file protein.csv (CSV, C-alpha atoms)
chain,number,residue,atom,x,y,z
E,1,MET,CA,0.0,0.0,0.0
E,2,GLU,CA,1.8,3.1,-1.3
E,3,VAL,CA,1.1,6.4,0.4
E,4,PRO,CA,0.6,9.2,-2.2
E,5,ILE,CA,2.7,12.3,-1.5
E,6,LEU,CA,1.3,15.5,-3.0
E,7,LYS,CA,3.4,18.7,-3.5
E,8,GLN,CA,1.6,21.8,-2.5
E,9,GLY,CA,3.9,24.8,-3.0
E,10,ARG,CA,6.6,24.7,-0.3
E,11,PHE,CA,4.9,21.8,1.5
E,12,LEU,CA,4.3,18.1,1.0
E,13,ILE,CA,1.2,16.3,2.0
E,14,ALA,CA,1.3,12.5,2.6
E,15,THR,CA,-2.2,11.0,3.0
E,16,ILE,CA,-2.3,7.5,4.4
E,17,GLN,CA,-5.3,5.8,2.9
E,18,ALA,CA,-5.4,2.4,4.6
E,19,ALA,CA,-3.8,0.3,7.3
E,20,LEU,CA,-0.1,0.2,6.8
E,21,SER,CA,2.3,-2.7,7.4
E,22,ASP,CA,5.8,-2.0,8.9
E,23,ALA,CA,7.3,-2.2,5.5
E,24,ASP,CA,4.8,0.4,4.1
E,25,LEU,CA,5.7,2.7,7.0
E,26,LEU,CA,9.4,2.4,6.3
E,27,HIS,CA,8.8,3.0,2.6
E,28,LEU,CA,6.8,6.1,3.5
E,29,ARG,CA,9.8,7.3,5.6
E,30,ARG,CA,12.2,6.9,2.8
E,31,ALA,CA,9.9,8.4,0.2
E,32,LEU,CA,9.2,11.5,2.3
E,33,ILE,CA,12.8,12.2,3.1
E,34,ASP,CA,13.7,11.8,-0.6
E,35,LYS,CA,11.0,14.3,-1.7
E,36,VAL,CA,11.8,16.8,1.0
E,37,ILE,CA,15.4,16.9,-0.4
E,38,GLN,CA,14.2,16.8,-4.0
E,39,PHE,CA,11.8,19.7,-3.7
E,40,ARG,CA,13.6,21.6,-0.9
E,41,SER,CA,10.3,21.5,1.0
E,42,GLN,CA,9.8,23.6,4.1
E,43,GLY,CA,7.1,21.6,5.7
E,44,VAL,CA,5.4,18.2,5.6
E,45,ILE,CA,1.9,17.1,6.7
E,46,VAL,CA,1.3,13.4,7.3
E,47,ASP,CA,-2.5,12.7,7.4
E,48,VAL,CA,-3.1,9.6,9.5
E,49,THR,CA,-6.9,9.8,9.6
E,50,ALA,CA,-7.3,6.4,7.9
E,51,LEU,CA,-4.7,4.6,10.1
E,52,ASP,CA,-6.5,1.9,12.1
E,53,VAL,CA,-3.9,1.5,14.8
E,54,MET,CA,-0.9,3.5,16.0
E,55,ASP,CA,1.2,0.9,17.8
E,56,SER,CA,4.8,1.2,19.0
E,57,PHE,CA,6.3,0.7,15.6
E,58,ALA,CA,4.1,3.2,13.8
E,59,THR,CA,4.7,5.8,16.6
E,60,ARG,CA,8.4,5.3,16.4
E,61,THR,CA,8.5,5.5,12.6
E,62,ILE,CA,6.5,8.8,12.7
E,63,ARG,CA,8.8,10.2,15.3
E,64,ASP,CA,11.8,9.2,13.1
E,65,ILE,CA,10.3,10.9,10.1
E,66,THR,CA,9.8,14.1,12.0
E,67,ASN,CA,13.3,14.1,13.4
E,68,MET,CA,14.9,13.3,10.0
E,69,ILE,CA,12.9,16.1,8.3
E,70,ARG,CA,13.8,18.5,11.1
E,71,LEU,CA,17.5,17.9,10.3
E,72,ARG,CA,16.7,19.1,6.8
E,73,GLY,CA,15.4,22.3,8.4
E,74,ALA,CA,11.8,21.5,7.6
E,75,ASP,CA,8.7,21.0,9.9
E,76,THR,CA,6.4,18.1,10.1
E,77,VAL,CA,2.8,18.1,11.4
E,78,ILE,CA,0.8,14.9,12.0
E,79,VAL,CA,-2.9,15.4,11.4
E,80,GLY,CA,-6.0,13.4,11.9
E,81,ILE,CA,-5.2,11.0,14.8
E,82,GLN,CA,-8.6,9.5,15.6
E,83,PRO,CA,-9.9,9.8,19.1
E,84,GLU,CA,-9.9,6.0,19.7
E,85,VAL,CA,-6.4,5.7,18.3
E,86,ALA,CA,-5.2,8.5,20.6
E,87,PHE,CA,-6.9,6.7,23.6
E,88,ALA,CA,-5.2,3.4,22.7
E,89,MET,CA,-1.8,5.2,22.3
E,90,VAL,CA,-2.0,6.8,25.7
E,91,GLN,CA,-3.1,3.6,27.4
E,92,LEU,CA,-0.2,1.8,25.7
E,93,GLY,CA,2.2,4.5,27.0
E,94,LEU,CA,3.1,5.9,23.6
E,95,THR,CA,3.9,9.6,23.3
E,96,MET,CA,4.6,11.9,20.4
E,97,GLU,CA,6.9,14.3,22.3
E,98,GLY,CA,8.6,16.7,20.0
E,99,VAL,CA,6.1,16.0,17.2
E,100,ALA,CA,3.6,18.7,16.1
E,101,THR,CA,0.0,17.5,15.7
E,102,ALA,CA,-3.1,19.2,14.5
E,103,LEU,CA,-6.7,18.3,14.2
E,104,ASP,CA,-7.0,18.1,10.4
E,105,LEU,CA,-5.3,19.0,7.1
E,106,GLU,CA,-6.5,22.7,7.3
E,107,GLU,CA,-5.1,23.3,10.7
E,108,GLY,CA,-1.9,21.4,9.8
E,109,LEU,CA,-1.4,23.7,6.8
E,110,SER,CA,-2.1,26.8,8.8
E,111,HIS,CA,0.5,25.6,11.4
E,112,LEU,CA,3.1,25.1,8.7
E,113,GLN,CA,2.4,28.5,7.1
E,114,GLN,CA,2.8,30.3,10.5
E,115,ARG,CA,6.1,28.5,11.1
E,116,ALA,CA,7.3,29.3,7.5
E,117,ASN,CA,6.3,33.0,7.9
E,118,GLY,CA,8.1,33.1,11.3
E,119,LYS,CA,11.3,32.1,9.6
E,120,THR,CA,11.4,34.7,6.8
D,1,MET,CA,-25.0,-14.6,16.8
D,2,PRO,CA,-21.3,-14.0,17.0
D,3,VAL,CA,-18.9,-16.4,15.5
D,4,LEU,CA,-18.0,-19.0,18.1
D,5,GLN,CA,-15.4,-20.6,16.1
D,6,ASP,CA,-11.7,-19.9,16.7
D,7,ILE,CA,-10.0,-17.5,14.3
D,8,VAL,CA,-6.4,-18.4,13.7
D,9,VAL,CA,-4.0,-16.0,11.9
D,10,THR,CA,-0.6,-17.4,11.0
D,11,ILE,CA,2.1,-14.8,11.6
D,12,ARG,CA,5.1,-14.9,9.3
D,13,SER,CA,5.6,-11.3,8.2
D,14,ASP,CA,4.7,-7.8,9.0
D,15,ALA,CA,1.7,-8.0,6.6
D,16,ASP,CA,0.2,-10.7,8.8
D,17,ILE,CA,0.3,-8.3,11.8
D,18,VAL,CA,-2.1,-6.0,9.9
D,19,LEU,CA,-4.3,-9.0,9.0
D,20,ALA,CA,-4.4,-10.2,12.7
D,21,ARG,CA,-5.4,-6.9,14.1
D,22,GLN,CA,-8.1,-6.4,11.5
D,23,GLN,CA,-9.6,-9.8,12.3
D,24,GLY,CA,-9.4,-9.0,16.0
D,25,ARG,CA,-11.2,-5.7,15.5
D,26,SER,CA,-14.0,-7.3,13.5
D,27,LEU,CA,-14.4,-10.0,16.1
D,28,ALA,CA,-14.6,-7.5,18.9
D,29,ALA,CA,-17.1,-5.3,16.9
D,30,SER,CA,-19.2,-8.3,16.1
D,31,ILE,CA,-20.1,-8.9,19.8
D,32,GLY,CA,-20.7,-5.2,20.5
D,33,PHE,CA,-17.4,-3.7,21.7
D,34,SER,CA,-17.3,0.1,21.1
D,35,ALA,CA,-14.9,1.5,18.5
D,36,THR,CA,-12.6,2.6,21.3
D,37,ASP,CA,-12.4,-0.8,22.8
D,38,ALA,CA,-12.1,-2.5,19.4
D,39,THR,CA,-9.1,-0.2,18.7
D,40,LEU,CA,-7.5,-1.1,22.1
D,41,ILE,CA,-7.9,-4.8,21.2
D,42,ALA,CA,-6.5,-4.3,17.7
D,43,THR,CA,-3.5,-2.3,19.1
D,44,ALA,CA,-2.8,-5.1,21.6
D,45,ILE,CA,-2.9,-7.7,18.9
D,46,SER,CA,-0.6,-5.6,16.7
D,47,GLU,CA,2.0,-5.5,19.5
D,48,LEU,CA,1.8,-9.2,20.3
D,49,ALA,CA,2.0,-10.2,16.6
D,50,ARG,CA,5.0,-7.9,16.1
D,51,ASN,CA,6.8,-9.6,19.0
D,52,ILE,CA,6.3,-12.9,17.1
D,53,VAL,CA,7.8,-11.5,13.9
D,54,SER,CA,10.6,-9.8,15.7
D,55,TYR,CA,11.7,-12.5,18.2
D,56,ALA,CA,10.4,-15.8,16.9
D,57,GLY,CA,10.1,-15.3,13.1
D,58,GLN,CA,6.8,-17.0,13.0
D,59,GLY,CA,3.8,-18.1,15.1
D,60,GLU,CA,0.1,-17.6,15.3
D,61,VAL,CA,-2.6,-15.5,16.9
D,62,MET,CA,-5.7,-17.3,17.9
D,63,MET,CA,-8.9,-15.4,18.9
D,64,ARG,CA,-12.3,-16.4,20.1
D,65,VAL,CA,-15.4,-15.1,21.8
D,66,VAL,CA,-15.6,-16.2,25.5
D,67,GLU,CA,-18.4,-16.1,28.0
D,68,SER,CA,-18.4,-15.9,31.8
D,69,ALA,CA,-21.5,-16.0,34.0
D,70,HIS,CA,-21.7,-12.2,33.7
D,71,ALA,CA,-20.3,-11.1,30.4
D,72,GLN,CA,-19.0,-11.8,26.9
D,73,GLY,CA,-15.5,-11.0,25.9
D,74,VAL,CA,-12.7,-11.9,23.6
D,75,LEU,CA,-9.7,-14.1,24.3
D,76,ILE,CA,-6.6,-13.7,22.2
D,77,CYS,CA,-3.7,-16.0,22.4
D,78,ALA,CA,-0.4,-15.3,20.6
D,79,ARG,CA,2.1,-18.2,20.5
D,80,ASP,CA,5.3,-19.0,18.9
D,81,SER,CA,8.1,-21.7,19.1
D,82,GLY,CA,10.8,-19.1,19.2
D,83,PRO,CA,13.7,-18.6,21.6
D,84,GLY,CA,11.5,-17.9,24.7
D,85,ILE,CA,12.0,-15.2,27.3
D,86,ARG,CA,14.7,-15.5,29.9
D,87,SER,CA,13.2,-13.3,32.5
D,88,ILE,CA,9.4,-12.6,32.3
D,89,ASP,CA,9.7,-10.1,35.2
D,90,ASP,CA,12.1,-8.0,33.0
D,91,VAL,CA,9.9,-7.9,29.9
D,92,LEU,CA,6.9,-6.9,32.0
D,93,ARG,CA,8.8,-3.9,33.3
D,94,ASP,CA,8.2,-0.6,31.6
D,95,GLY,CA,11.1,0.6,29.5
D,96,TYR,CA,12.7,-2.9,29.1
D,97,SER,CA,13.5,-4.0,25.5
D,98,THR,CA,15.9,-6.4,23.9
D,99,SER,CA,15.4,-5.4,20.3
D,100,GLY,CA,15.9,-1.7,20.4
D,101,GLY,CA,12.2,-1.2,20.3
D,102,LEU,CA,10.4,1.2,22.6
D,103,GLY,CA,10.3,-1.3,25.4
D,104,LEU,CA,6.6,-0.7,25.9
D,105,GLY,CA,5.2,-3.9,24.3
D,106,LEU,CA,4.1,-6.2,27.0
D,107,PRO,CA,3.5,-3.8,29.9
D,108,GLY,CA,1.5,-1.7,27.5
D,109,VAL,CA,-0.5,-4.6,26.3
D,110,ARG,CA,-1.3,-5.6,29.9
D,111,ARG,CA,-2.6,-2.1,30.5
D,112,LEU,CA,-4.9,-2.3,27.4
D,113,MET,CA,-6.6,-5.5,28.5
D,114,ASP,CA,-8.5,-6.8,31.5
D,115,GLU,CA,-6.5,-10.0,31.8
D,116,PHE,CA,-3.0,-10.9,30.8
D,117,ALA,CA,-1.0,-14.1,31.2
D,118,ILE,CA,2.3,-15.2,29.8
D,119,GLU,CA,4.1,-18.5,29.7
D,120,SER,CA,7.5,-18.9,28.2
D,121,GLU,CA,10.2,-21.6,28.1
D,122,LEU,CA,13.7,-21.0,26.8
D,123,LYS,CA,14.2,-22.6,23.3
D,124,ARG,CA,10.6,-23.8,23.4
D,125,GLY,CA,8.6,-20.6,22.8
D,126,THR,CA,6.2,-18.1,24.3
D,127,MET,CA,2.5,-17.9,24.7
D,128,VAL,CA,0.7,-14.7,25.7
D,129,THR,CA,-3.0,-14.9,26.5
D,130,ILE,CA,-5.1,-11.8,26.9
D,131,ARG,CA,-8.8,-11.2,27.6
D,132,LYS,CA,-11.1,-8.2,27.4
D,133,TRP,CA,-14.7,-8.3,28.8
D,134,LEU,CA,-17.6,-6.4,27.4
D,135,LYS,CA,-18.9,-4.0,30.1
call {"tool": "encode", "arguments": {"input": "protein.csv", "output": "structure tokens"}}
result
Amino acid sequence: MEVPILKQGRFLIATIQAALSDADLLHLRRALIDKVIQFRSQGVIVDVTALDVMDSFATRTIRDITNMIRLRGADTVIVGIQPEVAFAMVQLGLTMEGVATALDLEEGLSHLQQRANGKT
Amino acid sequence: MPVLQDIVVTIRSDADIVLARQQGRSLAASIGFSATDATLIATAISELARNIVSYAGQGEVMMRVVESAHAQGVLICARDSGPGIRSIDDVLRDGYSTSGGLGLGLPGVRRLMDEFAIESELKRGTMVTIRKWLK
């Protein structure tokens, strides 16, 4: 299951469309880093609305993605974590410290725009 | 009527992890678990199935509907014939991990469920059994 990555000006938007295996998540990590470099993107949104479960591996991979992209000087926002997924993550003891999150795509974009404006 | 037959998912690769948690979610939803509880159950299955892939290479996840005098629930049993666990006390402690993971697997799974049991024998394998009751 490949995750489409859309270029929207200075930003990239990756929309997860179904449950992802570990291999799919690692593929997404690679693809996003490559595209951030290729397009010199300033920000990335990962939309996880359709993700059925955020277990330890998914959480760690998303944290890795955010950290790698930060080293390229760009920001990442995770949007669309479903309430029941958030509940399970907290019960499991998973945190997303250092990772920006927003309710939906619109709020995620506005967060990235504010960050980008603050830099210029 | 819910399915009373056992569901068995063979775990050999990371794609089977997704299959197992989806089957668990459907089973839980079929007897009336809320979306939140079904997600807790699916997350627990995901962690247990990943332990099988990471530590044993292969194994299986069995799930079934169970009934007590007061309630219905689901029972999930993840078993493998892998290397086994040297110290169960260690793996049940938060923050412990042998594979560079987050070290949250088993204690986290225990928090998600109502009942949790683990049996393991070195060089013979590991079996984790969890239950969640419909309240």
call {"tool": "residues_around", "arguments": {"input": "protein.csv", "residues": "range 54-59 of chain E", "least_positions_apart": "6", "cutoff": "8 Å", "atoms": "only C-alpha atoms", "output": "list in words"}}
result
Asp22, Leu25, Val85, Ala88, Met89, Leu94, Thr95 and Met96 of chain E; Thr43, Ser46, Glu47, Gly101, Leu102, Leu104 and Gly105 of chain D
call {"tool": "residues_near_point", "arguments": {"input": "protein.csv", "point": "(10.5, 10.4, 13.9)", "cutoff": "12 Å", "atoms": "all atoms listed in the file", "output": "ChimeraX atom specification"}}
result
/E:25-26,28-30,32-33,46,56-71,75-78,95-100
call {"tool": "atom_distance", "arguments": {"input": "protein.csv", "atom1": "CA of Asp34 in chain E", "atom2": "CA of Ile17 in chain D"}}
result
27.2 Å
call {"tool": "atom_distance", "arguments": {"input": "protein.csv", "atom1": "CA of Arg21 in chain D", "atom2": "CA of Val53 in chain D"}}
result
14.0 Å
call {"tool": "atom_distance", "arguments": {"input": "protein.csv", "atom1": "CA of Gly125 in chain D", "atom2": "CA of Ala23 in chain E"}}
result
25.3 Å
call {"tool": "interface_residues", "arguments": {"input": "protein.csv", "of": "chain D", "to": "chain E", "cutoff": "6 Å", "atoms": "all atoms listed in the file", "output": "short mmCIF file (atom, residue, chain, number, x, y, z; two decimals) with C-alpha atoms, keeping the file's coordinate frame"}}
result
data_model
loop_
_atom_site.label_atom_id
_atom_site.label_comp_id
_atom_site.auth_asym_id
_atom_site.auth_seq_id
_atom_site.Cartn_x
_atom_site.Cartn_y
_atom_site.Cartn_z
CA ASP D 14 4.70 -7.80 9.00
CA ALA D 15 1.70 -8.00 6.60
CA THR D 36 -12.60 2.60 21.30
CA LEU D 40 -7.50 -1.10 22.10
CA THR D 43 -3.50 -2.30 19.10
CA GLY D 108 1.50 -1.70 27.50
#
call {"tool": "decode", "arguments": {"input": "protein.csv", "residues": "range 21-37 of chain E", "atoms": "N, CA and C atoms", "output": "JSON list (two decimals), in the first residue's frame"}}
result
[["chain", "number", "residue", "atom", "x", "y", "z"],
["E", 21, "SER", "N", 1.43, -1.69, 6.77],
["E", 21, "SER", "CA", 2.34, -2.66, 7.39],
["E", 21, "SER", "C", 3.62, -1.93, 7.79],
["E", 22, "ASP", "N", 4.48, -2.62, 8.53],
["E", 22, "ASP", "CA", 5.76, -2.02, 8.93],
["E", 22, "ASP", "C", 6.56, -1.63, 7.69],
["E", 23, "ALA", "N", 6.56, -2.52, 6.68],
["E", 23, "ALA", "CA", 7.32, -2.23, 5.46],
["E", 23, "ALA", "C", 6.78, -0.98, 4.77],
["E", 24, "ASP", "N", 5.45, -0.84, 4.75],
["E", 24, "ASP", "CA", 4.83, 0.35, 4.14],
["E", 24, "ASP", "C", 5.27, 1.62, 4.88],
["E", 25, "LEU", "N", 5.32, 1.54, 6.21],
["E", 25, "LEU", "CA", 5.72, 2.71, 7.00],
["E", 25, "LEU", "C", 7.17, 3.09, 6.72],
["E", 26, "LEU", "N", 8.03, 2.08, 6.60],
["E", 26, "LEU", "CA", 9.44, 2.38, 6.31],
["E", 26, "LEU", "C", 9.59, 2.95, 4.91],
["E", 27, "HIS", "N", 8.75, 2.46, 3.99],
["E", 27, "HIS", "CA", 8.77, 2.99, 2.63],
["E", 27, "HIS", "C", 8.34, 4.45, 2.62],
["E", 28, "LEU", "N", 7.31, 4.75, 3.41],
["E", 28, "LEU", "CA", 6.84, 6.14, 3.50],
["E", 28, "LEU", "C", 7.95, 7.04, 4.05],
["E", 29, "ARG", "N", 8.67, 6.54, 5.06],
["E", 29, "ARG", "CA", 9.76, 7.33, 5.64],
["E", 29, "ARG", "C", 10.80, 7.69, 4.57],
["E", 30, "ARG", "N", 11.20, 6.69, 3.82],
["E", 30, "ARG", "CA", 12.20, 6.88, 2.76],
["E", 30, "ARG", "C", 11.69, 7.87, 1.69],
["E", 31, "ALA", "N", 10.44, 7.63, 1.26],
["E", 31, "ALA", "CA", 9.87, 8.45, 0.18],
["E", 31, "ALA", "C", 9.76, 9.91, 0.61],
["E", 32, "LEU", "N", 9.35, 10.13, 1.87],
["E", 32, "LEU", "CA", 9.18, 11.50, 2.33],
["E", 32, "LEU", "C", 10.51, 12.23, 2.42],
["E", 33, "ILE", "N", 11.52, 11.55, 2.95],
["E", 33, "ILE", "CA", 12.84, 12.20, 3.06],
["E", 33, "ILE", "C", 13.35, 12.55, 1.66],
["E", 34, "ASP", "N", 13.23, 11.59, 0.74],
["E", 34, "ASP", "CA", 13.69, 11.83, -0.64],
["E", 34, "ASP", "C", 13.02, 13.06, -1.24],
["E", 35, "LYS", "N", 11.70, 13.15, -1.04],
["E", 35, "LYS", "CA", 10.95, 14.25, -1.66],
["E", 35, "LYS", "C", 11.26, 15.59, -0.98],
["E", 36, "VAL", "N", 11.46, 15.57, 0.33],
["E", 36, "VAL", "CA", 11.83, 16.82, 1.03],
["E", 36, "VAL", "C", 13.13, 17.36, 0.45],
["E", 37, "ILE", "N", 14.06, 16.44, 0.16],
["E", 37, "ILE", "CA", 15.35, 16.85, -0.40],
["E", 37, "ILE", "C", 15.16, 17.34, -1.84]]
